[in-house]
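For reference, query_23.cif (mmCIF, C-alpha atoms and all ligand atoms):
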```cif
data_final
#
loop_
_atom_site.group_PDB
_atom_site.id
_atom_site.type_symbol
_atom_site.label_atom_id
_atom_site.label_comp_id
_atom_site.auth_asym_id
_atom_site.auth_seq_id
_atom_site.Cartn_x
_atom_site.Cartn_y
_atom_site.Cartn_z
ATOM 1 C CA MET A 707 0.000 0.000 0.000
ATOM 2 C CA HIS A 708 2.676 2.509 0.940
ATOM 3 C CA VAL A 709 4.764 1.812 -2.152
ATOM 4 C CA VAL A 710 1.783 2.644 -4.324
ATOM 5 C CA VAL A 711 0.822 5.864 -2.579
ATOM 6 C CA ALA A 712 4.416 7.119 -2.732
ATOM 7 C CA VAL A 713 4.156 7.556 -6.514
ATOM 8 C CA THR A 714 0.746 9.255 -6.585
ATOM 9 C CA PRO A 715 0.741 12.930 -7.648
ATOM 10 C CA ALA A 716 0.185 15.883 -5.335
ATOM 11 C CA HIS A 717 -3.374 16.328 -4.074
ATOM 12 C CA PRO A 718 -4.540 12.973 -5.417
ATOM 13 C CA ALA A 719 -7.460 12.515 -3.088
ATOM 14 C CA ARG A 720 -9.774 15.089 -4.579
ATOM 15 C CA ARG A 721 -8.919 14.075 -8.118
ATOM 16 C CA SER A 722 -9.459 10.399 -7.480
ATOM 17 C CA LEU A 723 -12.653 10.965 -5.528
ATOM 18 C CA SER A 724 -14.156 13.235 -8.161
ATOM 19 C CA LYS A 725 -13.389 10.695 -10.877
ATOM 20 C CA ARG A 726 -14.726 7.822 -8.850
ATOM 21 C CA ARG A 727 -17.569 9.501 -7.038
ATOM 22 C CA ASN A 728 -20.109 6.927 -8.144
ATOM 23 C CA GLN A 729 -17.941 3.892 -7.558
ATOM 24 C CA PRO A 730 -17.394 2.012 -4.311
ATOM 25 C CA ALA A 731 -14.321 2.978 -2.315
ATOM 26 C CA THR A 732 -11.264 0.860 -3.066
ATOM 27 C CA TRP A 733 -8.151 0.209 -1.016
ATOM 28 C CA PHE A 734 -6.189 2.371 -3.440
ATOM 29 C CA GLN A 735 -8.556 5.319 -3.053
ATOM 30 C CA LEU A 736 -8.350 5.028 0.708
ATOM 31 C CA ALA A 737 -4.570 4.874 0.497
ATOM 32 C CA THR A 738 -4.511 8.197 -1.353
ATOM 33 C CA VAL A 739 -6.742 9.680 1.327
ATOM 34 C CA ARG A 740 -4.153 8.666 3.902
ATOM 35 C CA LEU A 741 -1.366 10.314 1.936
ATOM 36 C CA THR A 742 -2.923 13.766 1.961
ATOM 37 C CA PHE A 743 -3.562 14.119 5.682
ATOM 38 C CA PRO A 744 -3.528 16.434 7.453
ATOM 39 C CA LEU A 745 -5.979 18.183 5.124
ATOM 40 C CA SER A 746 -4.095 20.674 3.015
ATOM 41 C CA LEU A 747 -6.924 23.211 3.227
ATOM 42 C CA ASP A 748 -7.203 22.963 6.955
ATOM 43 C CA GLY A 749 -6.539 26.165 8.864
ATOM 44 C CA PRO A 750 -6.913 27.653 12.308
ATOM 45 C CA LEU A 751 -10.313 27.294 13.885
ATOM 46 C CA SER A 752 -10.884 31.042 13.536
ATOM 47 C CA THR A 753 -11.015 30.547 9.755
ATOM 48 C CA PHE A 754 -14.252 28.700 10.306
ATOM 49 C CA ALA A 755 -15.957 31.209 12.594
ATOM 50 C CA ILE A 756 -19.550 32.058 11.691
ATOM 51 C CA ASP A 757 -19.214 35.114 9.432
ATOM 52 C CA ILE A 758 -22.446 37.086 9.239
ATOM 53 C CA ALA A 759 -20.721 40.415 8.512
ATOM 54 C CA ASN A 760 -19.614 39.338 5.031
ATOM 55 C CA MET A 761 -23.071 38.317 3.885
ATOM 56 C CA THR A 762 -24.756 40.835 1.567
ATOM 57 C CA GLN A 763 -26.722 43.658 3.190
ATOM 58 C CA GLY A 764 -29.986 42.208 1.871
ATOM 59 C CA THR A 765 -29.209 38.802 3.336
ATOM 60 C CA ARG A 766 -28.255 40.305 6.711
ATOM 61 C CA ASN A 767 -31.506 42.265 6.760
ATOM 62 C CA ALA A 768 -33.446 39.116 5.854
ATOM 63 C CA LEU A 769 -31.768 37.209 8.695
ATOM 64 C CA THR A 770 -32.664 39.942 11.192
ATOM 65 C CA CYS A 771 -36.230 39.880 9.854
ATOM 66 C CA LEU A 772 -36.433 36.111 10.331
ATOM 67 C CA GLN A 773 -34.968 36.213 13.834
ATOM 68 C CA ASN A 774 -37.539 38.853 14.780
ATOM 69 C CA ALA A 775 -40.361 36.842 13.204
ATOM 70 C CA VAL A 776 -39.332 33.653 14.981
ATOM 71 C CA GLY A 777 -39.007 35.586 18.248
ATOM 72 C CA ALA A 778 -42.466 37.113 17.805
ATOM 73 C CA ALA A 779 -43.818 33.576 17.333
ATOM 74 C CA GLY A 780 -42.296 32.554 20.653
ATOM 75 C CA GLY A 781 -39.259 30.746 19.308
ATOM 76 C CA SER A 782 -35.587 31.314 18.668
ATOM 77 C CA LEU A 783 -33.248 30.859 15.731
ATOM 78 C CA SER A 784 -29.484 30.536 15.700
ATOM 79 C CA VAL A 785 -27.146 30.688 12.715
ATOM 80 C CA THR A 786 -24.713 27.788 12.338
ATOM 81 C CA SER A 787 -22.969 28.898 9.122
ATOM 82 C CA ALA A 788 -23.105 32.087 7.049
ATOM 83 C CA TYR A 789 -20.592 33.556 4.577
ATOM 84 C CA ARG A 790 -17.879 31.084 3.550
ATOM 85 C CA PRO A 791 -14.855 31.892 1.407
ATOM 86 C CA GLN A 792 -14.314 29.428 -1.442
ATOM 87 C CA SER A 793 -11.420 27.810 0.452
ATOM 88 C CA TYR A 794 -13.790 27.004 3.314
ATOM 89 C CA GLN A 795 -16.396 25.618 0.921
ATOM 90 C CA ASP A 796 -13.737 23.459 -0.759
ATOM 91 C CA HIS A 797 -12.544 22.245 2.628
ATOM 92 C CA ILE A 798 -15.922 21.087 3.913
ATOM 93 C CA ARG A 799 -16.661 19.381 0.583
ATOM 94 C CA ASP A 800 -13.324 17.603 0.948
ATOM 95 C CA VAL A 801 -14.232 16.529 4.487
ATOM 96 C CA TRP A 802 -17.584 15.227 3.267
ATOM 97 C CA ASP A 803 -15.998 13.184 0.455
ATOM 98 C CA LYS A 804 -13.279 11.722 2.649
ATOM 99 C CA TRP A 805 -15.698 10.755 5.398
ATOM 100 C CA GLN A 806 -17.992 8.977 2.917
ATOM 101 C CA ALA A 807 -14.959 7.055 1.617
ATOM 102 C CA ILE A 808 -13.715 5.901 5.006
ATOM 103 C CA LYS A 809 -16.620 5.855 7.469
ATOM 104 C CA ASP A 810 -17.413 2.155 6.973
ATOM 105 C CA ARG A 811 -13.800 0.981 7.211
ATOM 106 C CA ASN A 812 -12.989 -0.783 10.456
ATOM 107 C CA ASP A 813 -9.605 -2.337 9.685
ATOM 108 C CA ALA A 814 -6.590 -1.370 11.743
ATOM 109 C CA ALA A 815 -4.696 0.058 8.750
ATOM 110 C CA CYS A 816 -7.319 2.785 8.396
ATOM 111 C CA ALA A 817 -7.877 3.537 12.075
ATOM 112 C CA GLN A 818 -5.586 6.547 12.383
ATOM 113 C CA THR A 819 -6.767 8.159 9.157
ATOM 114 C CA LYS A 820 -10.374 7.493 10.059
ATOM 115 C CA ALA A 821 -9.888 9.203 13.409
ATOM 116 C CA GLN A 822 -8.424 12.272 11.698
ATOM 117 C CA VAL A 823 -11.265 12.492 9.213
ATOM 118 C CA GLN A 824 -13.779 11.987 11.997
ATOM 119 C CA THR A 825 -12.325 14.914 13.936
ATOM 120 C CA GLU A 826 -12.983 17.166 10.934
ATOM 121 C CA TRP A 827 -16.375 15.583 10.375
ATOM 122 C CA ASN A 828 -17.418 16.269 13.957
ATOM 123 C CA ARG A 829 -16.035 19.810 13.870
ATOM 124 C CA HIS A 830 -18.118 20.866 10.900
ATOM 125 C CA GLY A 831 -21.353 19.037 11.698
ATOM 126 C CA LEU A 832 -22.182 18.479 8.043
ATOM 127 C CA THR A 833 -25.661 17.183 7.310
ATOM 128 C CA PHE A 834 -25.663 17.634 3.532
ATOM 129 C CA GLN A 835 -22.999 17.325 0.851
ATOM 130 C CA PRO A 836 -21.513 20.817 0.371
ATOM 131 C CA ALA A 837 -21.911 22.101 -3.178
ATOM 132 C CA ALA A 838 -18.839 22.922 -5.280
ATOM 133 C CA VAL A 839 -20.313 26.376 -5.897
ATOM 134 C CA SER A 840 -22.481 27.690 -3.087
ATOM 135 C CA ASN A 841 -24.544 30.765 -2.304
ATOM 136 C CA HIS A 842 -22.709 30.801 1.022
ATOM 137 C CA THR A 843 -19.693 31.999 -0.970
ATOM 138 C CA SER A 844 -21.689 34.802 -2.609
ATOM 139 C CA GLY A 845 -22.967 35.870 0.820
ATOM 140 C CA ARG A 846 -26.583 35.081 -0.027
ATOM 141 C CA ALA A 847 -27.205 32.053 2.192
ATOM 142 C CA PHE A 848 -26.964 30.920 5.796
ATOM 143 C CA ASP A 849 -27.701 27.770 7.763
ATOM 144 C CA ALA A 850 -29.746 27.973 10.948
ATOM 145 C CA ASN A 851 -31.428 25.875 13.613
ATOM 146 C CA TRP A 852 -34.652 26.985 15.229
ATOM 147 C CA SER A 853 -37.030 25.951 17.951
ATOM 148 C CA PRO A 854 -39.671 24.901 18.570
ATOM 149 C CA GLY A 855 -39.802 22.561 15.609
ATOM 150 C CA THR A 856 -43.521 23.198 15.278
ATOM 151 C CA LEU A 857 -42.962 26.730 13.915
ATOM 152 C CA ASN A 858 -44.044 27.218 10.310
ATOM 153 C CA ILE A 859 -40.519 28.205 9.403
ATOM 154 C CA ASP A 860 -41.130 28.372 5.655
ATOM 155 C CA GLN A 861 -43.985 30.829 6.081
ATOM 156 C CA LEU A 862 -41.850 33.009 8.349
ATOM 157 C CA ALA A 863 -38.888 32.766 5.956
ATOM 158 C CA ASN A 864 -40.948 33.650 2.907
ATOM 159 C CA GLY A 865 -42.142 36.769 4.709
ATOM 160 C CA CYS A 866 -38.487 37.822 4.984
ATOM 161 C CA SER A 867 -37.433 37.131 1.358
ATOM 162 C CA LEU A 868 -35.838 33.833 2.341
ATOM 163 C CA SER A 869 -36.394 30.355 0.975
ATOM 164 C CA ARG A 870 -35.257 26.863 1.940
ATOM 165 C CA SER A 871 -34.650 26.163 -1.711
ATOM 166 C CA VAL A 872 -32.345 23.142 -1.688
ATOM 167 C CA PRO A 873 -34.320 19.876 -1.293
ATOM 168 C CA GLY A 874 -33.056 17.847 1.647
ATOM 169 C CA ASP A 875 -30.845 20.636 3.015
ATOM 170 C CA ASP A 876 -33.283 21.585 5.743
ATOM 171 C CA VAL A 877 -31.117 24.131 7.564
ATOM 172 C CA HIS A 878 -30.160 26.110 4.444
ATOM 173 C CA PHE A 879 -31.830 29.474 3.784
ATOM 174 C CA GLU A 880 -31.228 31.519 0.648
ATOM 175 C CA TYR A 881 -32.023 35.173 0.104
ATOM 176 C CA THR A 882 -34.524 35.604 -2.708
ATOM 177 C CA GLY A 883 -34.308 39.415 -3.007
ATOM 178 C CA THR A 884 -32.146 41.389 -5.369
HETATM 179 ZN ZN ZN B 1 -26.234 26.109 3.639
#
```

Any chance you could give the structure as structure tokens?
Ligand SMILES: [Zn+2]
Amino acid sequence: MHVVVAVTPAHPARRSLSKRRNQPATWFQLATVRLTFPLSLDGPLSTFAIDIANMTQGTRNALTCLQNAVGAAGGSLSVTSAYRPQSYQDHIRDVWDKWQAIKDRNDAACAQTKAQVQTEWNRHGLTFQPAAVSNHTSGRAFDANWSPGTLNIDQLANGCSLSRSVPGDDVHFEYTGT
């Protein structure tokens, strides 16, 4: 395994995963994952702070509107992710791909790599595969949790020019204004 990975090119993991996205993980693919750790795009934790200030003015206003609307309905809403630079978006997509490739491996050879990927996985709390190009990067989207779950969140969001427009990505709100 180690002889093979020694001759793979720089940054092989993303290339191999994107080529093989619809194929089952192989030992070779997992070996290339091991080669690239720690994640090249990883940075200090502050890089991943929730960044509301760099969302567009319209999106910030829409968020304030929604927080007020949820509050008036007796609930609360908290943002879990807002503006993301492209490097951040690339990083969390990378984490998603690597975790999918390794999460079901239980052999000893993968244990250390799996633990490293799991640390990143747990840090980012991903619930949906990050898009290659995202409205988070254009400052027009945020992710949020709210309570109670019985709120009609879509009605409140629509009243603030926001829409949960990505099927299955339940925490993702996009600004629908100009
Ligand atoms: Zn989102």

Selection result of the PyMOL selection byres (((not hetatm)) within 10 of (chain B and resi 1)) on this file, as a tab-separated table (two decimals) with C-alpha atoms, in the frame of the given file:
```tsv
chain	number	residue	atom	x	y	z
A	786	THR	CA	-24.71	27.79	12.34
A	787	SER	CA	-22.97	28.90	9.12
A	788	ALA	CA	-23.10	32.09	7.05
A	789	TYR	CA	-20.59	33.56	4.58
A	790	ARG	CA	-17.88	31.08	3.55
A	832	LEU	CA	-22.18	18.48	8.04
A	833	THR	CA	-25.66	17.18	7.31
A	834	PHE	CA	-25.66	17.63	3.53
A	835	GLN	CA	-23.00	17.32	0.85
A	836	PRO	CA	-21.51	20.82	0.37
A	837	ALA	CA	-21.91	22.10	-3.18
A	840	SER	CA	-22.48	27.69	-3.09
A	841	ASN	CA	-24.54	30.76	-2.30
A	842	HIS	CA	-22.71	30.80	1.02
A	843	THR	CA	-19.69	32.00	-0.97
A	846	ARG	CA	-26.58	35.08	-0.03
A	847	ALA	CA	-27.20	32.05	2.19
A	848	PHE	CA	-26.96	30.92	5.80
A	849	ASP	CA	-27.70	27.77	7.76
A	850	ALA	CA	-29.75	27.97	10.95
A	870	ARG	CA	-35.26	26.86	1.94
A	871	SER	CA	-34.65	26.16	-1.71
A	872	VAL	CA	-32.34	23.14	-1.69
A	875	ASP	CA	-30.84	20.64	3.02
A	876	ASP	CA	-33.28	21.58	5.74
A	877	VAL	CA	-31.12	24.13	7.56
A	878	HIS	CA	-30.16	26.11	4.44
A	879	PHE	CA	-31.83	29.47	3.78
A	880	GLU	CA	-31.23	31.52	0.65
```

Quiz prompt | Reference answer for the PyMOL selection byres (((chain A and resi 773) around 10) and not hetatm), as number ranges by chain | solution = A: 767-772, 774-779, 781-785, 852, 862-863, 866

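One distance worth recording is that between atom CA of Lys804 of chain A and atom CA of Val823 of chain A, which is 6.9 Å.
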
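If only C-alpha atoms are the atoms counted, then among A:Thr882, A:Arg811, A:Pro791, A:Asn828 the closest residue to Ala755 of chain A is A:Pro791.
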
Adding 8 Å on each side of the box along x, y and z that holds all listed atoms of segment 846-854 of chain A, could you give its centre and edge lengths in Å to one decimal, as JSON?
```
{"center_x": -33.1, "center_y": 30.0, "center_z": 9.3, "size_x": 29.1, "size_y": 26.2, "size_z": 34.6}
```

Quiz prompt | atom CA of Thr762 of chain A to atom CA of Gln795 of chain A, straight-line distance in Å | solution = 17.4 Å

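Between atom CA of His830 of chain A and atom CA of Phe754 of chain A the separation is 8.8 Å.
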
Quiz item: Using all atoms listed in the file, which of the listed residues (A:Ala759, A:Gly764, A:Gln824, A:Gly855) sits closest to Asp810 of chain A?
Solution: A:Gln824

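Among A:Tyr881, A:Ile758, A:Pro854, A:Asn812, the residue with the shortest atom-to-atom distance to Ser867 of chain A, counting all atoms listed in the file, is A:Tyr881.
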
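Using the PyMOL selection byres (((chain A and resi 820) around 8) and not hetatm) on this structure selects A:Trp805, A:Ile808, A:Lys809, A:Arg811, A:Cys816, A:Ala817, A:Gln818, A:Thr819, A:Ala821, A:Gln822, A:Val823, A:Gln824.
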
Quiz item: Which residue, A:Ser853, A:Trp827, A:Tyr794, A:Ala838, has the smallest gap to Gln806 of chain A when you use all atoms listed in the file?
Solution: A:Trp827
